[in-house]
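Peer 1: The following file, input31.pdb, comprises PDB, C-alpha atoms:
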ATOM      1  CA  MET A   1       0.000   0.000   0.000
ATOM      2  CA  THR A   2       1.020   3.585  -0.506
ATOM      3  CA  LEU A   3       1.457   5.822   2.547
ATOM      4  CA  ALA A   4      -1.924   7.413   1.791
ATOM      5  CA  GLU A   5      -3.580   3.977   1.640
ATOM      6  CA  ILE A   6      -1.895   2.942   4.897
ATOM      7  CA  ALA A   7      -3.112   6.150   6.573
ATOM      8  CA  ARG A   8      -6.644   5.557   5.256
ATOM      9  CA  PHE A   9      -6.583   1.970   6.561
ATOM     10  CA  ILE A  10      -5.384   3.076  10.008
ATOM     11  CA  ASN A  11      -7.948   5.881  10.262
ATOM     12  CA  GLN A  12     -10.907   3.847   8.976
ATOM     13  CA  SER A  13     -10.350   0.515  10.692
ATOM     14  CA  PRO A  14     -11.321  -0.390  14.268
ATOM     15  CA  LEU A  15      -7.636  -1.169  14.842
ATOM     16  CA  PHE A  16      -6.738   2.465  15.559
ATOM     17  CA  TYR A  17      -9.517   2.788  18.164
ATOM     18  CA  GLN A  18      -8.399  -0.485  19.736
ATOM     19  CA  TYR A  19      -4.837   0.812  19.913
ATOM     20  CA  GLU A  20      -5.722   4.201  21.419
ATOM     21  CA  SER A  21      -8.021   2.573  23.972
ATOM     22  CA  GLY A  22      -5.336   0.102  25.042
ATOM     23  CA  ALA A  23      -7.146  -2.991  23.741
ATOM     24  CA  VAL A  24      -4.107  -3.935  21.644
ATOM     25  CA  THR A  25      -0.425  -3.423  22.383
ATOM     26  CA  THR A  26       2.000  -1.517  20.212
ATOM     27  CA  GLN A  27       3.432  -4.822  19.013
ATOM     28  CA  GLN A  28      -0.009  -6.175  18.108
ATOM     29  CA  PHE A  29      -0.881  -2.908  16.353
ATOM     30  CA  PHE A  30       2.360  -2.956  14.375
ATOM     31  CA  ASP A  31       2.021  -6.657  13.479
ATOM     32  CA  GLU A  32      -1.498  -6.062  12.129
ATOM     33  CA  ILE A  33      -0.360  -2.995  10.158
ATOM     34  CA  ARG A  34       2.415  -5.065   8.589
ATOM     35  CA  ARG A  35       0.078  -7.961   7.838
ATOM     36  CA  VAL A  36      -2.610  -5.839   6.188
ATOM     37  CA  THR A  37      -0.498  -3.197   4.446
ATOM     38  CA  GLY A  38       2.692  -5.055   3.584
ATOM     39  CA  PHE A  39       4.807  -2.446   5.383
ATOM     40  CA  LEU A  40       8.403  -3.704   5.205
ATOM     41  CA  GLY A  41      10.133  -1.430   7.710
ATOM     42  CA  ASP A  42      10.778  -2.120  11.362
ATOM     43  CA  GLN A  43       8.685  -0.865  14.269
ATOM     44  CA  ALA A  44      10.955   2.138  14.942
ATOM     45  CA  GLU A  45      10.650   3.297  11.325
ATOM     46  CA  PHE A  46       6.895   2.818  11.371
ATOM     47  CA  GLY A  47       6.614   4.640  14.690
ATOM     48  CA  GLU A  48       8.402   7.717  13.350
ATOM     49  CA  CYS A  49       6.201   7.843  10.234
ATOM     50  CA  PHE A  50       3.019   7.128  12.179
ATOM     51  CA  ALA A  51       3.585   9.586  15.017
ATOM     52  CA  ASP A  52       5.176  12.453  13.102
ATOM     53  CA  ILE A  53       1.911  14.381  12.828
ATOM     54  CA  PHE A  54       2.347  16.825  15.692
ATOM     55  CA  VAL A  55       3.479  20.437  15.738
ATOM     56  CA  GLN A  56       4.189  22.535  18.777
ATOM     57  CA  ILE A  57       1.694  25.382  19.182
ATOM     58  CA  GLU A  58       3.891  27.934  20.900
ATOM     59  CA  PRO A  59       1.134  30.135  22.390
ATOM     60  CA  MET A  60      -0.383  27.035  24.039
ATOM     61  CA  VAL A  61       3.024  25.985  25.372
ATOM     62  CA  GLN A  62       3.372  29.504  26.826
ATOM     63  CA  LEU A  63      -0.117  29.300  28.318
ATOM     64  CA  GLN A  64       0.688  26.021  30.070
ATOM     65  CA  ALA A  65       3.937  27.515  31.401
ATOM     66  CA  ALA A  66       2.101  30.633  32.627
ATOM     67  CA  LEU A  67      -0.509  28.527  34.437
ATOM     68  CA  ARG A  68       2.269  26.576  36.137
ATOM     69  CA  GLN A  69       3.977  29.848  37.061
ATOM     70  CA  GLU A  70       0.708  30.873  38.741
ATOM     71  CA  GLY A  71       1.073  27.740  40.882
ATOM     72  CA  LEU A  72      -1.578  25.709  39.086
ATOM     73  CA  SER A  73      -1.088  22.022  38.315
ATOM     74  CA  THR A  74      -1.363  20.993  34.677
ATOM     75  CA  TYR A  75      -2.087  17.581  33.211
ATOM     76  CA  ALA A  76      -1.917  16.129  29.719
ATOM     77  CA  PHE A  77      -5.297  14.447  29.123
ATOM     78  CA  SER A  78      -5.362  12.824  25.715
ATOM     79  CA  ASN A  79      -6.813  10.161  23.486
ATOM     80  CA  THR A  80      -3.511   8.807  22.287
ATOM     81  CA  ASN A  81      -1.301   5.779  21.970
ATOM     82  CA  GLU A  82       2.132   4.633  23.049
ATOM     83  CA  LEU A  83       3.896   5.454  19.759
ATOM     84  CA  ALA A  84       2.510   9.002  19.715
ATOM     85  CA  ALA A  85       3.262   9.607  23.404
ATOM     86  CA  GLU A  86       6.855   8.423  23.000
ATOM     87  CA  HIS A  87       7.312  10.604  19.905
ATOM     88  CA  ILE A  88       5.991  13.677  21.715
ATOM     89  CA  ARG A  89       8.195  12.996  24.770
ATOM     90  CA  ARG A  90      11.279  12.768  22.537
ATOM     91  CA  ASN A  91      10.562  15.769  20.338
ATOM     92  CA  PHE A  92       8.736  18.338  22.471
ATOM     93  CA  PRO A  93      10.516  19.290  25.721
ATOM     94  CA  PHE A  94       7.466  21.122  27.142
ATOM     95  CA  TYR A  95       5.701  17.763  27.407
ATOM     96  CA  GLY A  96       7.888  16.859  30.364
ATOM     97  CA  THR A  97       6.580  19.819  32.386
ATOM     98  CA  PHE A  98       3.101  18.500  33.153
ATOM     99  CA  ASP A  99       2.260  17.330  36.668
ATOM    100  CA  GLY A 100       0.619  14.200  35.319
ATOM    101  CA  TYR A 101      -0.507  12.345  32.223
ATOM    102  CA  ILE A 102      -3.878  10.726  31.647
ATOM    103  CA  LEU A 103      -3.501   8.909  28.333
ATOM    104  CA  SER A 104      -6.323   6.807  26.919
ATOM    105  CA  TYR A 105      -4.221   3.787  25.994
ATOM    106  CA  GLN A 106      -3.047   3.435  29.604
ATOM    107  CA  HIS A 107      -6.563   3.408  31.067
ATOM    108  CA  GLY A 108      -8.639   1.334  28.626
ATOM    109  CA  ALA A 109     -11.025   4.163  27.754
ATOM    110  CA  MET A 110     -11.191   7.118  25.408
ATOM    111  CA  LYS A 111     -12.725  10.549  25.790
ATOM    112  CA  PRO A 112     -15.608  11.250  26.075
ATOM    113  CA  ASP A 113     -15.998   8.049  28.165
ATOM    114  CA  GLY A 114     -16.644   9.165  31.754
ATOM    115  CA  ARG A 115     -14.226   6.574  33.150
ATOM    116  CA  LEU A 116     -11.291   8.547  31.765
ATOM    117  CA  TYR A 117     -12.591  11.802  33.275
ATOM    118  CA  GLU A 118     -12.775  10.002  36.637
ATOM    119  CA  VAL A 119      -9.060   9.214  36.290
ATOM    120  CA  VAL A 120      -8.358  12.930  35.806
ATOM    121  CA  GLU A 121     -10.267  13.761  38.984
ATOM    122  CA  ARG A 122      -8.446  11.065  40.950
ATOM    123  CA  GLU A 123      -4.991  12.012  39.648
ATOM    124  CA  ALA A 124      -5.537  15.751  40.132
ATOM    125  CA  GLY A 125      -7.327  15.379  43.449
ATOM    126  CA  ARG A 126      -9.903  17.874  42.175
ATOM    127  CA  ARG A 127     -13.510  17.786  41.009
ATOM    128  CA  GLY A 128     -16.110  20.046  39.455
ATOM    129  CA  ALA A 129     -15.270  23.714  38.961
ATOM    130  CA  ASP A 130     -11.794  23.161  40.443
ATOM    131  CA  ILE A 131     -10.826  21.706  37.056
ATOM    132  CA  LEU A 132     -10.256  23.805  33.947
ATOM    133  CA  TYR A 133     -10.345  21.652  30.825
ATOM    134  CA  LEU A 134      -9.299  22.670  27.310
ATOM    135  CA  ASP A 135     -10.019  20.362  24.376
ATOM    136  CA  ASP A 136     -10.457  20.787  20.640
ATOM    137  CA  ARG A 137     -13.317  18.274  20.360
ATOM    138  CA  PRO A 138     -16.797  19.556  21.269
ATOM    139  CA  GLU A 139     -18.012  16.161  22.519
ATOM    140  CA  ASN A 140     -15.079  15.970  24.944
ATOM    141  CA  VAL A 141     -15.748  19.471  26.265
ATOM    142  CA  VAL A 142     -19.436  18.593  26.750
ATOM    143  CA  ALA A 143     -18.412  15.541  28.807
ATOM    144  CA  GLY A 144     -16.201  17.733  31.020
ATOM    145  CA  ALA A 145     -18.939  20.336  31.432
ATOM    146  CA  ALA A 146     -21.365  17.572  32.475
ATOM    147  CA  ARG A 147     -18.995  16.853  35.387
ATOM    148  CA  GLY A 148     -19.123  20.509  36.438
ATOM    149  CA  TRP A 149     -15.665  21.297  35.072
ATOM    150  CA  GLN A 150     -14.854  24.734  33.682
ATOM    151  CA  VAL A 151     -14.346  24.063  29.981
ATOM    152  CA  ILE A 152     -12.878  25.825  26.988
ATOM    153  CA  LEU A 153     -13.286  24.588  23.433
ATOM    154  CA  GLN A 154      -9.824  25.056  21.916
ATOM    155  CA  GLU A 155     -10.536  26.778  18.610
ATOM    156  CA  SER A 156      -7.481  29.034  18.520
ATOM    157  CA  PRO A 157      -4.695  29.939  20.941
ATOM    158  CA  ALA A 158      -5.940  33.535  21.140
ATOM    159  CA  LYS A 159      -9.493  32.472  22.072
ATOM    160  CA  SER A 160      -8.243  30.009  24.693
ATOM    161  CA  LEU A 161      -5.887  32.558  26.232
ATOM    162  CA  ALA A 162      -8.684  35.138  26.381
ATOM    163  CA  ALA A 163     -11.001  32.605  28.044
ATOM    164  CA  VAL A 164      -8.364  31.682  30.641
ATOM    165  CA  ARG A 165      -7.764  35.368  31.369
ATOM    166  CA  GLU A 166     -11.505  35.960  31.666
ATOM    167  CA  LEU A 167     -11.607  33.247  34.339
ATOM    168  CA  GLY A 168      -8.983  35.228  36.255
ATOM    169  CA  LEU A 169      -6.395  32.460  36.230
ATOM    170  CA  LEU A 170      -3.556  34.568  34.864
ATOM    171  CA  ASN A 171      -2.003  37.832  35.956
ATOM    172  CA  HIS A 172      -2.395  40.360  33.174
ATOM    173  CA  GLY A 173       1.243  40.008  32.088
ATOM    174  CA  SER A 174       1.313  36.199  32.095
ATOM    175  CA  ALA A 175       1.408  34.413  28.724
ATOM    176  CA  SER A 176       1.420  36.195  25.425
ATOM    177  CA  GLY A 177      -0.780  35.666  22.447
TER     178      GLY A 177
END
For the file at hand, write its structure as structure tokens.
Peer 2:
Amino acid sequence: MTLAEIARFINQSPLFYQYESGAVTTQQFFDEIRRVTGFLGDQAEFGECFADIFVQIEPMVQLQAALRQEGLSTYAFSNTNELAAEHIRRNFPFYGTFDGYILSYQHGAMKPDGRLYEVVEREAGRRGADILYLDDRPENVVAGAARGWQVILQESPAKSLAAVRELGLLNHGSASG
């Protein structure tokens, strides 16, 4: 298969969901990709191709740093998989600055499944309006709002920064954007 066909297979098959929800291991995921697509490279090569889809959004990195500077804990809460998480850890230093990580593949559930939101509450030791949650998927934000969380739909860095400022979580000079 071409790279485009491989991407289409991954995105349209239940295999990707199974991988991100932790139902299959990285090895099982890779073995099935090789079997179906005929990919001839090794797992490391596949992992780099598969996970190299991320870009650092500098204003959001600055926002997370500013929130931490204000003394607030920050957590990465993501529907993701082991290959993507490892790639991000290696290539984006800011990722190491979170207080905790709630990653779907490690907990057997994906947002907007309430079980994963419960993990956030347990890990953070906070509930309801004590949690500010930013996400770019409306259905995930709705699930957070249903738990009483303060939520922001991430549409642009400028909108998110303005919303965080409106909540009074940043000193006027903290974070640019």
Peer 1: Could you work out how far CA of Leu167 in chain A lies from CA of Ile57 in chain A, giving the answer in Å with one decimal?
Peer 2: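 The value is 21.6 Å.
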Peer 1: Between A:Ile53, A:Ala4, A:Leu63, A:Leu116, single out the one closest to Ala85 in chain A, counting all atoms listed in the file.
Peer 2: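 With all atoms listed in the file as the atom set, the closest residue is A:Ile53.
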Peer 1: Run the PyMOL selection byres ((chain A and resi 123-131) around 6) mentally over the shown coordinates, then write out the matched residues as a PyMOL selection string, using the chain letters and numbers from the document.
Peer 2: chain A and resi 119-122+132+147-150
Peer 1: Counting only C-alpha atoms, which of A:Asn171, A:Ser13, A:Gln64, A:Thr80 gets nearest to Tyr133 in chain A?
Peer 2: A:Gln64
Peer 1: Report the distance between CA of Thr25 in chain A and CA of Gly108 in chain A in Å, rounded to one decimal place.
Peer 2: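 Interatomic distance here is 11.4 Å.
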Peer 1: With N, CA, C and O atoms retained, output range 72-109 of chain A as a PDB file, in the first residue's frame.
Peer 2:
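The resulting file, selection.pdb, is reproduced below:
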ATOM      1  N   LEU A  72      -0.537  26.674  39.425  1.00  0.00           N
ATOM      2  CA  LEU A  72      -1.578  25.709  39.086  1.00  0.00           C
ATOM      3  C   LEU A  72      -0.957  24.432  38.521  1.00  0.00           C
ATOM      4  O   LEU A  72       0.015  24.484  37.773  1.00  0.00           O
ATOM      5  N   SER A  73      -1.529  23.304  38.872  1.00  0.00           N
ATOM      6  CA  SER A  73      -1.088  22.022  38.315  1.00  0.00           C
ATOM      7  C   SER A  73      -1.655  21.879  36.912  1.00  0.00           C
ATOM      8  O   SER A  73      -2.772  22.317  36.637  1.00  0.00           O
ATOM      9  N   THR A  74      -0.887  21.250  36.038  1.00  0.00           N
ATOM     10  CA  THR A  74      -1.363  20.993  34.677  1.00  0.00           C
ATOM     11  C   THR A  74      -1.161  19.521  34.355  1.00  0.00           C
ATOM     12  O   THR A  74      -0.196  18.893  34.796  1.00  0.00           O
ATOM     13  N   TYR A  75      -2.100  18.994  33.583  1.00  0.00           N
ATOM     14  CA  TYR A  75      -2.087  17.581  33.211  1.00  0.00           C
ATOM     15  C   TYR A  75      -2.313  17.445  31.712  1.00  0.00           C
ATOM     16  O   TYR A  75      -3.119  18.187  31.142  1.00  0.00           O
ATOM     17  N   ALA A  76      -1.627  16.508  31.102  1.00  0.00           N
ATOM     18  CA  ALA A  76      -1.917  16.129  29.719  1.00  0.00           C
ATOM     19  C   ALA A  76      -3.013  15.077  29.788  1.00  0.00           C
ATOM     20  O   ALA A  76      -2.866  14.064  30.466  1.00  0.00           O
ATOM     21  N   PHE A  77      -4.124  15.323  29.116  1.00  0.00           N
ATOM     22  CA  PHE A  77      -5.297  14.447  29.123  1.00  0.00           C
ATOM     23  C   PHE A  77      -5.635  14.197  27.664  1.00  0.00           C
ATOM     24  O   PHE A  77      -6.139  15.093  26.986  1.00  0.00           O
ATOM     25  N   SER A  78      -5.323  13.004  27.153  1.00  0.00           N
ATOM     26  CA  SER A  78      -5.362  12.824  25.715  1.00  0.00           C
ATOM     27  C   SER A  78      -5.812  11.431  25.288  1.00  0.00           C
ATOM     28  O   SER A  78      -5.439  10.434  25.896  1.00  0.00           O
ATOM     29  N   ASN A  79      -6.603  11.397  24.227  1.00  0.00           N
ATOM     30  CA  ASN A  79      -6.813  10.161  23.486  1.00  0.00           C
ATOM     31  C   ASN A  79      -5.562   9.986  22.645  1.00  0.00           C
ATOM     32  O   ASN A  79      -5.300  10.772  21.731  1.00  0.00           O
ATOM     33  N   THR A  80      -4.775   8.998  22.990  1.00  0.00           N
ATOM     34  CA  THR A  80      -3.511   8.807  22.287  1.00  0.00           C
ATOM     35  C   THR A  80      -3.042   7.375  22.452  1.00  0.00           C
ATOM     36  O   THR A  80      -3.730   6.543  23.024  1.00  0.00           O
ATOM     37  N   ASN A  81      -1.870   7.121  21.948  1.00  0.00           N
ATOM     38  CA  ASN A  81      -1.301   5.779  21.970  1.00  0.00           C
ATOM     39  C   ASN A  81       0.170   5.847  22.341  1.00  0.00           C
ATOM     40  O   ASN A  81       0.753   6.933  22.400  1.00  0.00           O
ATOM     41  N   GLU A  82       0.748   4.694  22.585  1.00  0.00           N
ATOM     42  CA  GLU A  82       2.132   4.633  23.049  1.00  0.00           C
ATOM     43  C   GLU A  82       3.120   5.225  22.040  1.00  0.00           C
ATOM     44  O   GLU A  82       4.021   5.972  22.427  1.00  0.00           O
ATOM     45  N   LEU A  83       2.966   4.918  20.766  1.00  0.00           N
ATOM     46  CA  LEU A  83       3.896   5.454  19.759  1.00  0.00           C
ATOM     47  C   LEU A  83       3.844   6.979  19.723  1.00  0.00           C
ATOM     48  O   LEU A  83       4.880   7.642  19.669  1.00  0.00           O
ATOM     49  N   ALA A  84       2.650   7.544  19.753  1.00  0.00           N
ATOM     50  CA  ALA A  84       2.510   9.002  19.715  1.00  0.00           C
ATOM     51  C   ALA A  84       3.075   9.629  20.985  1.00  0.00           C
ATOM     52  O   ALA A  84       3.802  10.630  20.917  1.00  0.00           O
ATOM     53  N   ALA A  85       2.773   9.053  22.141  1.00  0.00           N
ATOM     54  CA  ALA A  85       3.262   9.607  23.404  1.00  0.00           C
ATOM     55  C   ALA A  85       4.782   9.584  23.460  1.00  0.00           C
ATOM     56  O   ALA A  85       5.409  10.563  23.893  1.00  0.00           O
ATOM     57  N   GLU A  86       5.392   8.504  23.009  1.00  0.00           N
ATOM     58  CA  GLU A  86       6.855   8.423  23.000  1.00  0.00           C
ATOM     59  C   GLU A  86       7.453   9.455  22.045  1.00  0.00           C
ATOM     60  O   GLU A  86       8.461  10.087  22.351  1.00  0.00           O
ATOM     61  N   HIS A  87       6.834   9.622  20.887  1.00  0.00           N
ATOM     62  CA  HIS A  87       7.312  10.604  19.905  1.00  0.00           C
ATOM     63  C   HIS A  87       7.253  12.018  20.491  1.00  0.00           C
ATOM     64  O   HIS A  87       8.210  12.789  20.368  1.00  0.00           O
ATOM     65  N   ILE A  88       6.147  12.341  21.133  1.00  0.00           N
ATOM     66  CA  ILE A  88       5.991  13.677  21.715  1.00  0.00           C
ATOM     67  C   ILE A  88       7.018  13.889  22.821  1.00  0.00           C
ATOM     68  O   ILE A  88       7.641  14.941  22.906  1.00  0.00           O
ATOM     69  N   ARG A  89       7.198  12.888  23.683  1.00  0.00           N
ATOM     70  CA  ARG A  89       8.195  12.996  24.770  1.00  0.00           C
ATOM     71  C   ARG A  89       9.588  13.281  24.220  1.00  0.00           C
ATOM     72  O   ARG A  89      10.329  14.079  24.776  1.00  0.00           O
ATOM     73  N   ARG A  90       9.947  12.603  23.132  1.00  0.00           N
ATOM     74  CA  ARG A  90      11.279  12.768  22.537  1.00  0.00           C
ATOM     75  C   ARG A  90      11.465  14.110  21.841  1.00  0.00           C
ATOM     76  O   ARG A  90      12.564  14.647  21.824  1.00  0.00           O
ATOM     77  N   ASN A  91      10.413  14.624  21.242  1.00  0.00           N
ATOM     78  CA  ASN A  91      10.562  15.769  20.338  1.00  0.00           C
ATOM     79  C   ASN A  91      10.057  17.107  20.857  1.00  0.00           C
ATOM     80  O   ASN A  91      10.339  18.135  20.243  1.00  0.00           O
ATOM     81  N   PHE A  92       9.321  17.109  21.968  1.00  0.00           N
ATOM     82  CA  PHE A  92       8.736  18.338  22.471  1.00  0.00           C
ATOM     83  C   PHE A  92       9.045  18.470  23.955  1.00  0.00           C
ATOM     84  O   PHE A  92       8.309  17.934  24.793  1.00  0.00           O
ATOM     85  N   PRO A  93      10.096  19.198  24.314  1.00  0.00           N
ATOM     86  CA  PRO A  93      10.516  19.290  25.721  1.00  0.00           C
ATOM     87  C   PRO A  93       9.425  19.759  26.680  1.00  0.00           C
ATOM     88  O   PRO A  93       9.395  19.331  27.835  1.00  0.00           O
ATOM     89  N   PHE A  94       8.512  20.622  26.238  1.00  0.00           N
ATOM     90  CA  PHE A  94       7.466  21.122  27.142  1.00  0.00           C
ATOM     91  C   PHE A  94       6.635  19.976  27.702  1.00  0.00           C
ATOM     92  O   PHE A  94       6.069  20.087  28.790  1.00  0.00           O
ATOM     93  N   TYR A  95       6.548  18.872  26.987  1.00  0.00           N
ATOM     94  CA  TYR A  95       5.701  17.763  27.407  1.00  0.00           C
ATOM     95  C   TYR A  95       6.130  17.195  28.764  1.00  0.00           C
ATOM     96  O   TYR A  95       5.308  16.689  29.513  1.00  0.00           O
ATOM     97  N   GLY A  96       7.385  17.345  29.091  1.00  0.00           N
ATOM     98  CA  GLY A  96       7.888  16.859  30.364  1.00  0.00           C
ATOM     99  C   GLY A  96       7.546  17.754  31.541  1.00  0.00           C
ATOM    100  O   GLY A  96       7.903  17.439  32.671  1.00  0.00           O
ATOM    101  N   THR A  97       6.853  18.866  31.309  1.00  0.00           N
ATOM    102  CA  THR A  97       6.580  19.819  32.386  1.00  0.00           C
ATOM    103  C   THR A  97       5.198  19.666  33.022  1.00  0.00           C
ATOM    104  O   THR A  97       4.859  20.428  33.918  1.00  0.00           O
ATOM    105  N   PHE A  98       4.411  18.714  32.555  1.00  0.00           N
ATOM    106  CA  PHE A  98       3.101  18.500  33.153  1.00  0.00           C
ATOM    107  C   PHE A  98       3.244  17.792  34.495  1.00  0.00           C
ATOM    108  O   PHE A  98       4.193  17.046  34.719  1.00  0.00           O
ATOM    109  N   ASP A  99       2.263  18.003  35.366  1.00  0.00           N
ATOM    110  CA  ASP A  99       2.260  17.330  36.668  1.00  0.00           C
ATOM    111  C   ASP A  99       1.815  15.881  36.550  1.00  0.00           C
ATOM    112  O   ASP A  99       2.123  15.069  37.419  1.00  0.00           O
ATOM    113  N   GLY A 100       1.090  15.564  35.511  1.00  0.00           N
ATOM    114  CA  GLY A 100       0.619  14.200  35.319  1.00  0.00           C
ATOM    115  C   GLY A 100       0.122  14.001  33.905  1.00  0.00           C
ATOM    116  O   GLY A 100      -0.048  14.957  33.142  1.00  0.00           O
ATOM    117  N   TYR A 101      -0.121  12.737  33.580  1.00  0.00           N
ATOM    118  CA  TYR A 101      -0.507  12.345  32.223  1.00  0.00           C
ATOM    119  C   TYR A 101      -1.639  11.339  32.318  1.00  0.00           C
ATOM    120  O   TYR A 101      -1.479  10.280  32.950  1.00  0.00           O
ATOM    121  N   ILE A 102      -2.759  11.644  31.717  1.00  0.00           N
ATOM    122  CA  ILE A 102      -3.878  10.726  31.647  1.00  0.00           C
ATOM    123  C   ILE A 102      -4.060  10.436  30.161  1.00  0.00           C
ATOM    124  O   ILE A 102      -4.596  11.253  29.409  1.00  0.00           O
ATOM    125  N   LEU A 103      -3.553   9.278  29.744  1.00  0.00           N
ATOM    126  CA  LEU A 103      -3.501   8.909  28.333  1.00  0.00           C
ATOM    127  C   LEU A 103      -4.408   7.703  28.114  1.00  0.00           C
ATOM    128  O   LEU A 103      -4.298   6.693  28.819  1.00  0.00           O
ATOM    129  N   SER A 104      -5.271   7.806  27.129  1.00  0.00           N
ATOM    130  CA  SER A 104      -6.323   6.807  26.919  1.00  0.00           C
ATOM    131  C   SER A 104      -5.783   5.386  26.874  1.00  0.00           C
ATOM    132  O   SER A 104      -6.362   4.486  27.491  1.00  0.00           O
ATOM    133  N   TYR A 105      -4.703   5.154  26.169  1.00  0.00           N
ATOM    134  CA  TYR A 105      -4.221   3.787  25.994  1.00  0.00           C
ATOM    135  C   TYR A 105      -3.794   3.151  27.315  1.00  0.00           C
ATOM    136  O   TYR A 105      -3.791   1.931  27.442  1.00  0.00           O
ATOM    137  N   GLN A 106      -3.471   3.966  28.306  1.00  0.00           N
ATOM    138  CA  GLN A 106      -3.047   3.435  29.604  1.00  0.00           C
ATOM    139  C   GLN A 106      -4.221   3.112  30.526  1.00  0.00           C
ATOM    140  O   GLN A 106      -4.036   2.458  31.554  1.00  0.00           O
ATOM    141  N   HIS A 107      -5.419   3.560  30.166  1.00  0.00           N
ATOM    142  CA  HIS A 107      -6.563   3.408  31.067  1.00  0.00           C
ATOM    143  C   HIS A 107      -7.737   2.649  30.451  1.00  0.00           C
ATOM    144  O   HIS A 107      -8.789   2.532  31.086  1.00  0.00           O
ATOM    145  N   GLY A 108      -7.598   2.158  29.232  1.00  0.00           N
ATOM    146  CA  GLY A 108      -8.639   1.334  28.626  1.00  0.00           C
ATOM    147  C   GLY A 108      -9.916   2.068  28.289  1.00  0.00           C
ATOM    148  O   GLY A 108     -10.976   1.459  28.196  1.00  0.00           O
ATOM    149  N   ALA A 109      -9.841   3.363  28.105  1.00  0.00           N
ATOM    150  CA  ALA A 109     -11.025   4.163  27.754  1.00  0.00           C
ATOM    151  C   ALA A 109     -10.572   5.401  26.993  1.00  0.00           C
ATOM    152  O   ALA A 109      -9.437   5.842  27.148  1.00  0.00           O
TER     153      ALA A 109
END
